[in-house]
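Asks: Got my_file-v4.cif for you, mmCIF, C-alpha atoms:
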```
data_work
loop_
_atom_site.label_atom_id
_atom_site.label_comp_id
_atom_site.auth_asym_id
_atom_site.auth_seq_id
_atom_site.Cartn_x
_atom_site.Cartn_y
_atom_site.Cartn_z
CA MET A 591 -13.22 26.01 33.00
CA ILE A 592 -13.21 22.41 34.25
CA PHE A 593 -14.53 21.21 30.88
CA LYS A 594 -11.77 23.04 28.99
CA ARG A 595 -9.05 21.56 31.15
CA ARG A 596 -10.36 18.07 30.60
CA HIS A 597 -10.55 18.70 26.87
CA LYS A 598 -6.90 19.80 26.80
CA ARG A 599 -5.86 16.72 28.74
CA SER A 600 -7.69 14.51 26.26
CA GLU A 601 -5.92 16.15 23.30
CA SER A 602 -2.46 15.83 24.86
CA SER A 603 -3.02 12.11 25.51
CA ALA A 604 -3.65 11.38 21.82
CA PRO A 605 -0.83 9.25 20.40
CA PRO A 606 1.78 11.29 18.53
CA GLU A 607 2.25 10.55 14.85
CA LEU A 608 5.38 10.76 12.75
CA CYS A 609 4.79 11.86 9.17
CA VAL A 610 7.33 11.79 6.34
CA ARG A 611 6.56 13.18 2.89
CA TRP A 612 8.54 13.15 -0.33
CA SER A 613 8.06 13.03 -4.09
CA SER A 614 9.55 10.57 -6.55
CA GLU A 615 9.60 10.98 -10.29
CA HIS A 616 6.11 9.56 -10.74
CA ALA A 617 4.20 10.11 -7.48
CA ARG A 618 3.84 11.94 -4.17
CA HIS A 619 4.27 9.83 -1.02
CA THR A 620 3.23 10.10 2.61
CA ASP A 621 4.01 7.67 5.43
CA ARG A 622 2.25 8.07 8.77
CA LEU A 623 3.42 6.13 11.81
CA ARG A 624 1.80 6.24 15.26
CA LEU A 625 4.51 6.63 17.91
CA ALA A 626 2.66 5.30 20.95
CA GLY A 627 4.98 3.11 23.00
CA THR A 628 8.11 3.89 20.98
CA GLY A 629 9.93 5.92 23.61
CA SER A 630 9.36 9.39 22.16
CA ARG A 631 9.52 12.34 24.53
CA ARG A 632 7.44 15.50 24.63
CA GLY A 633 8.81 18.71 23.16
CA ARG A 634 7.80 21.95 21.50
CA GLY A 635 9.08 21.35 17.99
CA LYS A 636 6.92 19.75 15.32
CA ASP A 637 8.91 20.20 12.12
CA LEU A 638 11.77 17.70 12.27
CA THR A 639 12.97 18.02 8.68
CA SER A 640 16.38 19.15 9.92
CA MET A 641 16.76 15.80 11.71
CA ALA A 642 16.18 13.78 8.55
CA ALA A 643 19.80 14.10 7.39
CA SER A 644 21.09 12.50 10.59
CA VAL A 645 18.91 9.44 10.01
CA VAL A 646 18.87 9.21 6.21
CA PRO A 647 22.34 9.84 4.72
CA ALA A 648 22.58 11.66 1.39
CA TRP A 649 22.82 9.44 -1.67
CA ASP A 650 26.42 8.36 -2.22
CA GLU A 651 27.68 6.94 -5.52
CA THR A 652 30.31 4.86 -3.71
CA ARG A 653 27.53 2.82 -2.14
CA VAL A 654 26.62 1.42 -5.55
CA THR A 655 28.72 -1.69 -6.19
CA VAL A 656 28.89 -4.89 -8.22
CA LEU A 657 28.40 -8.09 -6.24
CA GLU A 658 29.85 -11.35 -7.50
CA PRO A 659 27.47 -14.32 -7.10
CA ASN A 660 29.80 -16.04 -4.59
CA ARG A 661 29.28 -13.14 -2.15
CA LEU A 662 25.60 -13.99 -1.72
CA ASP A 663 24.20 -16.03 1.14
CA ARG A 664 22.87 -19.51 0.36
CA ARG A 665 19.40 -18.26 1.37
CA VAL A 666 19.17 -16.37 -1.92
CA PRO A 667 16.29 -17.80 -4.01
CA ALA A 668 17.23 -20.39 -6.63
CA GLU A 669 16.35 -18.02 -9.45
CA GLY A 670 18.75 -15.44 -8.02
CA LEU A 671 18.16 -11.79 -7.22
CA ARG A 672 15.85 -9.90 -9.55
CA ALA A 673 16.36 -6.42 -10.95
CA GLY A 674 13.98 -3.83 -9.57
CA ARG A 675 13.73 -5.40 -6.10
CA PHE A 676 14.94 -4.66 -2.59
CA TYR A 677 16.58 -7.42 -0.52
CA PRO A 678 17.82 -7.69 3.10
CA ALA A 679 21.46 -6.65 3.43
CA ALA A 680 22.07 -9.83 5.46
CA LEU A 681 22.07 -11.79 2.18
CA VAL A 682 25.47 -10.28 1.28
CA ASP A 683 28.84 -10.97 2.93
CA GLY A 684 30.67 -8.44 5.09
CA ASP A 685 32.71 -6.88 2.28
CA ALA A 686 29.70 -5.04 0.88
CA PRO A 687 28.93 -1.44 1.87
CA GLN A 688 26.87 -1.16 5.03
CA ALA A 689 23.19 -0.70 4.14
CA SER A 690 21.90 2.30 6.09
CA GLY A 691 18.30 1.20 5.64
CA GLY A 692 18.94 -2.49 6.21
CA VAL A 693 18.25 -3.34 2.56
CA PHE A 694 19.89 -2.99 -0.84
CA TYR A 695 18.33 -2.42 -4.25
CA VAL A 696 19.20 -4.53 -7.31
CA ILE A 697 19.68 -2.19 -10.28
CA ASP A 698 20.44 -4.99 -12.72
CA ALA A 699 21.57 -8.60 -12.53
CA ASP A 700 23.14 -11.22 -14.79
CA PRO A 701 25.20 -14.41 -14.22
CA SER A 702 28.44 -12.44 -13.97
CA GLY A 703 27.35 -10.08 -11.24
CA ILE A 704 24.74 -7.90 -9.60
CA ARG A 705 24.83 -4.11 -9.58
CA ALA A 706 23.44 -3.17 -6.19
CA ASP A 707 22.62 0.12 -4.48
CA PHE A 708 23.24 0.11 -0.71
CA ASN A 709 21.97 3.64 -0.15
CA HIS A 710 18.98 4.15 2.15
CA PRO A 711 15.71 3.84 0.16
CA LEU A 712 14.88 7.45 1.07
CA SER A 713 18.34 8.83 0.16
CA PRO A 714 17.42 10.09 -3.34
CA TYR A 715 14.58 12.26 -2.07
CA ALA A 716 14.10 15.61 -0.34
CA LEU A 717 12.17 14.74 2.80
CA GLU A 718 9.65 16.62 4.93
CA LEU A 719 9.56 15.18 8.43
CA PHE A 720 7.21 16.32 11.15
CA VAL A 721 5.12 15.07 14.07
CA THR A 722 1.73 15.78 15.57
CA ASN A 723 0.84 16.49 19.21
CA GLY A 724 4.17 18.10 20.01
CA ALA A 725 6.14 14.85 20.21
CA ARG A 726 9.88 14.84 19.69
CA PRO A 727 11.00 11.31 18.82
CA SER A 728 14.47 10.13 19.70
CA ARG A 729 17.01 9.54 16.93
CA GLU A 730 16.66 5.79 17.56
CA THR A 731 12.90 6.01 17.02
CA LEU A 732 13.36 7.90 13.75
CA THR A 733 15.98 5.43 12.54
CA GLU A 734 13.66 2.51 13.22
CA ALA A 735 10.62 4.20 11.67
CA LEU A 736 12.35 5.33 8.48
CA GLY A 737 14.25 2.09 8.07
CA ALA A 738 11.10 -0.04 8.00
CA GLY A 739 10.13 0.45 4.37
CA PRO A 740 9.40 4.07 3.36
CA GLY A 741 11.18 4.90 0.12
CA MET A 742 10.62 1.53 -1.53
CA GLN A 743 7.52 2.82 -3.35
CA GLY A 744 9.28 4.32 -6.32
CA PRO A 745 12.03 2.13 -7.75
CA ILE A 746 10.04 -0.88 -8.92
CA ALA A 747 8.68 1.11 -11.84
CA ALA A 748 11.40 3.68 -12.31
CA ARG A 749 14.50 1.47 -12.18
CA GLY A 750 13.61 -2.16 -12.79
CA PRO A 751 11.49 -4.62 -14.79
CA GLY A 752 10.23 -6.56 -11.77
CA PRO A 753 6.45 -6.54 -12.49
CA ASP A 754 6.86 -7.98 -15.99
CA GLU A 755 9.00 -11.01 -15.20
CA THR A 756 7.86 -14.48 -16.26
CA GLY A 757 5.49 -16.12 -13.78
CA ALA A 758 4.96 -12.95 -11.73
CA TYR A 759 1.19 -13.37 -11.76
CA ALA A 760 1.07 -17.13 -11.20
CA ARG A 761 -1.02 -18.36 -8.26
CA GLU A 762 -1.01 -21.37 -5.97
CA ASP A 763 -4.55 -22.24 -7.10
CA GLU A 764 -5.11 -21.73 -10.82
CA CYS A 765 -8.59 -23.25 -10.86
CA SER A 766 -11.58 -21.16 -11.93
CA ASP A 767 -12.07 -18.10 -9.74
CA THR A 768 -15.82 -18.61 -10.10
CA LEU A 769 -15.50 -21.92 -8.24
CA PHE A 770 -13.20 -20.48 -5.54
CA TYR A 771 -15.56 -17.60 -4.76
CA GLU A 772 -18.72 -19.71 -5.03
CA ARG A 773 -19.02 -19.85 -1.23
CA PRO A 774 -19.71 -16.46 0.44
CA ARG A 775 -17.10 -15.19 2.89
CA LEU A 776 -18.80 -12.71 5.21
CA VAL A 777 -15.65 -11.91 7.19
CA ALA A 778 -13.75 -8.72 7.98
CA HIS A 779 -10.56 -8.58 5.93
CA LEU A 780 -9.01 -5.91 8.19
CA ASP A 781 -9.40 -5.05 11.87
CA ALA A 782 -11.74 -2.28 13.03
CA THR A 783 -8.99 0.32 13.48
CA ALA A 784 -7.66 -0.21 9.96
CA LEU A 785 -11.17 -0.11 8.49
CA ALA A 786 -11.82 3.20 10.26
CA HIS A 787 -8.74 4.58 8.47
CA VAL A 788 -10.07 3.24 5.16
CA ARG A 789 -13.43 4.98 5.64
CA ALA A 790 -11.71 8.23 6.57
CA LEU A 791 -9.49 7.95 3.50
CA TYR A 792 -12.43 7.36 1.15
CA SER A 793 -14.31 10.31 2.67
CA ARG A 794 -11.55 12.60 1.36
CA PHE A 795 -12.49 11.68 -2.21
CA ILE A 796 -16.22 10.88 -2.10
CA GLY A 797 -18.85 13.57 -1.66
CA SER A 798 -22.59 13.85 -1.56
CA GLY A 799 -24.54 12.58 -4.57
CA MET A 800 -21.60 10.90 -6.29
CA ALA A 801 -21.84 7.74 -8.38
CA VAL A 802 -19.21 5.34 -7.02
CA LEU A 803 -17.82 2.08 -8.39
CA ASP A 804 -16.75 -0.41 -5.71
CA LEU A 805 -14.40 -2.66 -7.67
CA MET A 806 -14.05 -6.29 -6.54
CA ALA A 807 -16.71 -5.60 -3.93
CA SER A 808 -17.88 -7.78 -1.06
CA TRP A 809 -20.35 -7.41 1.81
CA ASP A 810 -19.07 -3.99 3.02
CA SER A 811 -17.85 -1.12 0.83
CA HIS A 812 -16.21 0.81 3.71
CA LEU A 813 -17.62 4.08 2.35
CA PRO A 814 -18.54 7.19 4.34
CA ALA A 815 -22.11 7.09 5.66
CA GLN A 816 -23.92 9.17 3.03
CA SER A 817 -27.40 8.00 2.10
CA ASP A 818 -27.46 9.80 -1.26
CA LEU A 819 -24.50 7.95 -2.81
CA GLU A 820 -25.14 5.81 -5.85
CA VAL A 821 -22.85 2.81 -5.32
CA THR A 822 -22.35 0.02 -7.85
CA GLY A 823 -20.61 -3.06 -6.48
CA LEU A 824 -18.84 -5.37 -8.92
CA GLY A 825 -17.79 -8.62 -7.24
CA MET A 826 -17.57 -12.38 -7.47
CA ASN A 827 -20.28 -13.58 -5.07
CA ARG A 828 -23.95 -12.61 -5.30
CA GLN A 829 -24.68 -13.35 -1.62
CA GLU A 830 -21.85 -11.12 -0.45
CA LEU A 831 -23.13 -8.29 -2.62
CA GLU A 832 -26.69 -8.77 -1.34
CA HIS A 833 -25.42 -8.32 2.23
CA ASN A 834 -23.89 -4.95 1.30
CA ALA A 835 -26.47 -2.32 2.28
CA ALA A 836 -24.43 0.49 0.70
CA LEU A 837 -24.95 -0.83 -2.83
CA THR A 838 -27.65 0.46 -5.16
CA GLU A 839 -26.55 -1.85 -7.99
CA ARG A 840 -24.92 -5.29 -7.84
CA VAL A 841 -22.93 -6.88 -10.68
CA VAL A 842 -21.31 -10.32 -10.55
CA HIS A 843 -18.32 -10.37 -12.88
CA ASP A 844 -14.98 -12.22 -13.03
CA LEU A 845 -12.27 -9.72 -13.98
CA ASN A 846 -9.67 -12.44 -14.40
CA ALA A 847 -11.85 -14.06 -17.06
CA ASP A 848 -12.78 -10.77 -18.72
CA PRO A 849 -11.16 -7.44 -17.67
CA ARG A 850 -13.78 -5.39 -19.49
CA LEU A 851 -16.21 -3.54 -17.22
CA PRO A 852 -19.90 -3.76 -18.24
CA PHE A 853 -20.47 -0.01 -17.95
CA PRO A 854 -20.49 2.90 -20.40
CA ALA A 855 -17.69 5.45 -20.55
CA ALA A 856 -17.65 8.23 -17.92
CA ARG A 857 -20.29 6.42 -15.83
CA PHE A 858 -18.80 7.05 -12.35
CA ASP A 859 -17.52 9.97 -10.27
CA ALA A 860 -15.10 7.83 -8.24
CA ALA A 861 -13.86 4.25 -7.90
CA VAL A 862 -12.55 2.38 -4.86
CA CYS A 863 -10.97 -1.04 -4.44
CA THR A 864 -10.31 -2.47 -0.97
CA VAL A 865 -7.70 -5.20 -0.35
CA SER A 866 -8.48 -7.02 -3.60
CA LEU A 867 -6.21 -5.87 -6.43
CA GLU A 868 -3.57 -8.46 -5.49
CA TYR A 869 -5.80 -11.21 -6.93
CA LEU A 870 -5.75 -9.89 -10.50
CA ILE A 871 -3.64 -11.83 -13.00
CA ASP A 872 -3.62 -8.94 -15.49
CA PRO A 873 -4.23 -5.73 -13.50
CA VAL A 874 -3.27 -3.11 -16.09
CA PRO A 875 -6.18 -3.81 -18.50
CA VAL A 876 -8.57 -3.73 -15.53
CA LEU A 877 -7.26 -0.32 -14.44
CA ARG A 878 -7.47 0.84 -18.04
CA GLU A 879 -11.18 -0.04 -17.89
CA VAL A 880 -11.55 1.78 -14.57
CA GLY A 881 -10.14 4.90 -16.19
CA ARG A 882 -12.56 4.54 -19.10
CA VAL A 883 -15.68 4.39 -16.88
CA LEU A 884 -14.67 7.39 -14.72
CA VAL A 885 -15.47 10.98 -15.61
CA PRO A 886 -12.46 13.26 -16.32
CA GLY A 887 -10.79 14.32 -13.09
CA ALA A 888 -12.42 11.52 -11.07
CA PRO A 889 -10.32 9.63 -8.47
CA ALA A 890 -9.56 5.92 -8.28
CA VAL A 891 -8.47 4.91 -4.75
CA ILE A 892 -6.89 1.51 -4.13
CA VAL A 893 -6.25 0.19 -0.62
CA CYS A 894 -4.13 -2.83 0.30
CA SER A 895 -2.65 -4.27 3.48
CA ASP A 896 -0.59 -7.34 4.35
CA ARG A 897 -3.35 -9.96 4.55
CA TRP A 898 -4.87 -12.02 1.70
CA PHE A 899 -6.27 -15.39 0.64
CA PRO A 900 -3.08 -17.42 -0.07
CA PRO A 901 -4.44 -19.68 -2.85
CA LYS A 902 -5.44 -16.79 -5.11
CA VAL A 903 -2.85 -14.08 -4.48
CA THR A 904 -0.22 -13.66 -7.22
CA ARG A 905 3.35 -14.80 -6.63
CA LEU A 906 4.88 -11.38 -7.17
CA TRP A 907 2.67 -9.83 -4.49
CA THR A 908 3.80 -12.32 -1.85
CA GLU A 909 7.50 -11.78 -2.62
CA LEU A 910 7.50 -7.99 -2.28
CA HIS A 911 7.93 -5.84 0.82
CA PRO A 912 4.64 -4.05 1.69
CA PHE A 913 6.04 -0.71 0.55
CA GLU A 914 7.21 -2.27 -2.73
CA ARG A 915 3.62 -3.40 -3.29
CA VAL A 916 2.59 0.24 -3.09
CA GLY A 917 5.10 0.99 -5.83
CA LEU A 918 3.73 -1.89 -7.88
CA VAL A 919 0.16 -0.56 -7.70
CA ALA A 920 1.37 2.92 -8.67
CA TYR A 921 3.21 1.29 -11.60
CA TRP A 922 0.00 -0.45 -12.71
CA MET A 923 -1.90 2.85 -12.57
CA ARG A 924 0.72 4.61 -14.69
CA GLU A 925 0.85 1.75 -17.18
CA SER A 926 -2.92 1.96 -17.70
CA GLY A 927 -2.37 5.33 -19.37
CA TRP A 928 -5.40 6.95 -17.71
CA PHE A 929 -4.23 8.33 -14.37
CA THR A 930 -2.29 11.39 -13.35
CA ASP A 931 -1.50 13.09 -10.02
CA ILE A 932 -0.69 9.68 -8.50
CA ALA A 933 -0.04 9.63 -4.76
CA THR A 934 0.48 7.05 -2.02
CA GLU A 935 -0.14 7.01 1.71
CA SER A 936 0.60 4.48 4.43
CA ILE A 937 -0.79 4.34 7.98
CA ARG A 938 1.03 2.14 10.49
CA GLY A 939 1.59 1.59 14.19
CA ASP A 940 -1.90 1.76 15.71
CA SER A 941 -2.87 -0.69 18.42
CA ARG A 942 -5.15 -3.54 17.41
CA PRO A 943 -8.56 -3.48 19.17
CA ALA A 944 -8.54 -5.81 22.19
CA ASP A 945 -11.72 -7.53 20.99
CA ASP A 946 -10.24 -8.36 17.58
CA PRO A 947 -10.01 -12.15 17.00
CA HIS A 948 -6.34 -11.80 15.97
CA TRP A 949 -5.33 -9.67 18.96
CA GLY A 950 -3.35 -12.48 20.60
CA GLN A 951 -1.34 -13.06 17.42
CA ARG A 952 -0.63 -9.46 16.53
CA SER A 953 -0.81 -6.43 18.83
CA GLU A 954 -0.58 -3.83 16.04
CA ALA A 955 -3.52 -2.95 13.83
CA ASP A 956 -3.39 -3.99 10.21
CA PRO A 957 -1.40 -1.44 8.19
CA VAL A 958 -3.23 0.53 5.52
CA PHE A 959 -1.47 1.26 2.23
CA ALA A 960 -3.29 3.44 -0.31
CA VAL A 961 -2.59 4.52 -3.88
CA TRP A 962 -4.74 6.95 -5.80
CA GLY A 963 -4.77 8.88 -9.02
CA ARG A 964 -7.18 10.94 -11.06
CA VAL A 965 -8.34 10.43 -14.62
CA GLU A 966 -6.54 12.93 -16.76
CA PRO A 967 -8.96 15.74 -17.71
#
```
Is it possible to express this structure as structure tokens?
Replies:
Amino acid sequence: MIFKRRHKRSESSAPPELCVRWSSEHARHTDRLRLAGTGSRRGRGKDLTSMAASVVPAWDETRVTVLEPNRLDRRVPAEGLRAGRFYPAALVDGDAPQASGGVFYVIDADPSGIRADFNHPLSPYALELFVTNGARPSRETLTEALGAGPGMQGPIAARGPGPDETGAYAREDECSDTLFYERPRLVAHLDATALAHVRALYSRFIGSGMAVLDLMASWDSHLPAQSDLEVTGLGMNRQELEHNAALTERVVHDLNADPRLPFPAARFDAAVCTVSLEYLIDPVPVLREVGRVLVPGAPAVIVCSDRWFPPKVTRLWTELHPFERVGLVAYWMRESGWFTDIATESIRGDSRPADDPHWGQRSEADPVFAVWGRVEP
């Protein structure tokens, strides 16, 4: 009896989690946000879908308007606003419609004006909203959580040409990638809490005995601990790959020099890529190759966050909101022509481990943003 009571107390102390789900034209989306420390109160209800309408107004055609260039703040980039992007509402003067999500979306733009959508990014979608552990967040908590990016995943592909603009894949350092990655970097690219989420995510797709491709691999593949996996790591540094005990095969290959993968068709049962896709200067051909080397129905799972090596990340990646980057990766997967059943998931709001070297700079754990799809059978 004493043991059971302690077990119940332990469960009730777990941080509540807000989860919102919706589907856009091209993908299914899930956003998970830990609510610890956000002022939520305990309650019986878990399904909060009925509360979504009070936080996310229905899409309203009157909130789509044309902005003249002189109504934009001087902080607007010299090249102007780009179609297919979200921007902070503060860049527009007070005559514009109030942006319920704090941002507006540029539908199209030319020198004479900008057609902008001030609806909440989640307004076009039917939402499912629920929480774990019996929490009942306040309306203020929901407004803050849903106004911080969810909903930006879809439009970049569906309503704008953003990824294809001139110079989108330019980098600060255009020297040979082989030279840049010549020195091994045996460092953790995410904190321990975020990496635990990555391993749990991969375990949903990777089972016993599978042949797995770790694309753009380094010294840790972040895979579930299964000794019978056959894991091929393709990366840029031989020493990093040699440190990776999960690998059964190691291949050094520069995908920016040659996007072709040195493997036969239908070679792998799954592919993963962890916080690396943002370094590719031509990602669609690479993903086309990933689709080719996977068996029909196999998953490709791509994880990103909000940290990177500045000299080698592409310009477009740095300019986008984290949730827009998710939409960009989903766009790349669709453009490859191989993947179907595309879905995204984000995990935010955990506390950073106190022993993490960046704890003093950032109290929250690194966010995890994932995109996956399956090779069409």
Asks: Neighbours of region 846-861 of chain A within 10 Å (all atoms listed in the file; same-chain residues fewer than 5 positions away dropped), as a PyMOL selection string?
Replies: chain A and resi 766-768+792+795-797+799-805+820-822+824+841+869-892+962+964-965
Asks: Quick one, how far is CA of Pro947 (chain A) from CA of Val916 (chain A)?
Replies: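 It comes out at 26.8 Å.
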Asks: Give the answer as one residue: which of A:Cys894, A:Leu623, A:Ala760, A:Ala706 has the shortest atom-to-atom distance to Leu906 (chain A), using only C-alpha atoms?
Replies: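 Nearest candidate to Leu906 (chain A) out of A:Cys894, A:Leu623, A:Ala760, A:Ala706: A:Ala760.
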Asks: Between CA of Asp896 (chain A) and CA of Ala790 (chain A), what is the distance in Å, rounded to a tenth?
Replies: 19.3 Å
Asks: I want to know what sits within 10 Å of Arg705 (chain A), based on all atoms listed in the file, with residues of the same chain fewer than 4 positions away left out; could you give that as a PyMOL selection string?
Replies: chain A and resi 654-658+673+695-700
Asks: Can you write out the residues you just picked, keeping C-alpha atoms, as a compact mmCIF listing (two decimals), in the frame of the given file?
Replies:
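Produced file result04.txt, reproduced below:
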```txt
# COMPACT_ATOMS: atom_id res chain seq x y z
CA VAL A 654 26.62 1.42 -5.55
CA THR A 655 28.72 -1.69 -6.19
CA VAL A 656 28.89 -4.89 -8.22
CA LEU A 657 28.40 -8.09 -6.24
CA GLU A 658 29.85 -11.35 -7.50
CA ALA A 673 16.36 -6.42 -10.95
CA TYR A 695 18.33 -2.42 -4.25
CA VAL A 696 19.20 -4.53 -7.31
CA ILE A 697 19.68 -2.19 -10.28
CA ASP A 698 20.44 -4.99 -12.72
CA ALA A 699 21.57 -8.60 -12.53
CA ASP A 700 23.14 -11.22 -14.79
```
Asks: If you count all atoms listed in the file, which residues fall within 12 Å of Glu830 (chain A), apart from same-chain ones fewer than 4 positions away, as a list in words?
Replies: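 Everything that qualifies: Tyr771, Glu772, Arg773, Pro774, Arg775, Leu776, Val777, Ala778, Met806, Ala807, Ser808, Trp809, Asp810, Ser811, Gly823, Leu824, Gly825, Met826, Asn834, Ala835, Ala836, Leu837, Arg840, Val841 and Val842 of chain A.
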Asks: Which residue is closest to Glu730 (chain A)? Choose from A:Phe694, A:Ala786, A:Met641, A:Pro701 and count all atoms listed in the file.
Replies: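 Checking each of A:Phe694, A:Ala786, A:Met641, A:Pro701 against Glu730 (chain A), counting all atoms listed in the file, the winner is A:Met641.
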Asks: Could you jot down the CA of Leu681 (chain A) to CA of Gly917 (chain A) separation for me, Å, one decimal place?
Replies: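 Distance between the two atoms: 22.7 Å.
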Asks: For Met742 (chain A), list every protein, DNA or RNA residue within 8 Å, evaluated using only C-alpha atoms, and leave out those in the same chain fewer than 6 positions away; present the list as a CSV table (one decimal) with C-alpha atoms, in the frame of the given file.
Replies:
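Now in part.csv:
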```csv
chain,number,residue,atom,x,y,z
A,676,PHE,CA,14.9,-4.7,-2.6
A,711,PRO,CA,15.7,3.8,0.2
A,712,LEU,CA,14.9,7.4,1.1
A,913,PHE,CA,6.0,-0.7,0.6
A,914,GLU,CA,7.2,-2.3,-2.7
A,917,GLY,CA,5.1,1.0,-5.8
```
Asks: Here is a test: counting all atoms listed in the file, which residue of A:Phe708, A:Tyr677, A:Tyr921, A:Trp928 is nearest to Ala648 (chain A)?
Replies: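 Once distances to Ala648 (chain A) are computed over all atoms listed in the file, the minimum belongs to A:Phe708.
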Asks: Taking the file as shown, find all residues satisfying the PyMOL selection byres ((chain A and resi 741) around 9) and write them as a list in words.
Replies: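 Applied to this file, the PyMOL selection byres ((chain A and resi 741) around 9) selects Trp612, Ser614, His619, His710, Pro711, Leu712, Ser713, Pro714, Tyr715, Leu736, Gly737, Gly739, Pro740, Met742, Gln743, Gly744, Pro745, Phe913 and Glu914 of chain A.
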Asks: Give the answer as one residue: which of A:Thr908, A:Glu839, A:Leu638, A:Val893 has the shortest atom-to-atom distance to Ala920 (chain A), using all atoms listed in the file?
Replies: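 Of A:Thr908, A:Glu839, A:Leu638, A:Val893, the one nearest Ala920 (chain A) is A:Val893, counting all atoms listed in the file.
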Asks: Using only C-alpha atoms for the distances, tell me which of A:Arg611, A:Arg789, A:Arg675, A:Arg761 is nearest to Pro901 (chain A).
Replies: A:Arg761
Asks: Please determine, counting all atoms listed in the file, which residue among A:Ala782, A:Ala815, A:Val862, A:Ala689 has the shortest atom-to-atom distance to Thr652 (chain A).
Replies: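 Checking each candidate against Thr652 (chain A), we get A:Ala689 as the closest.
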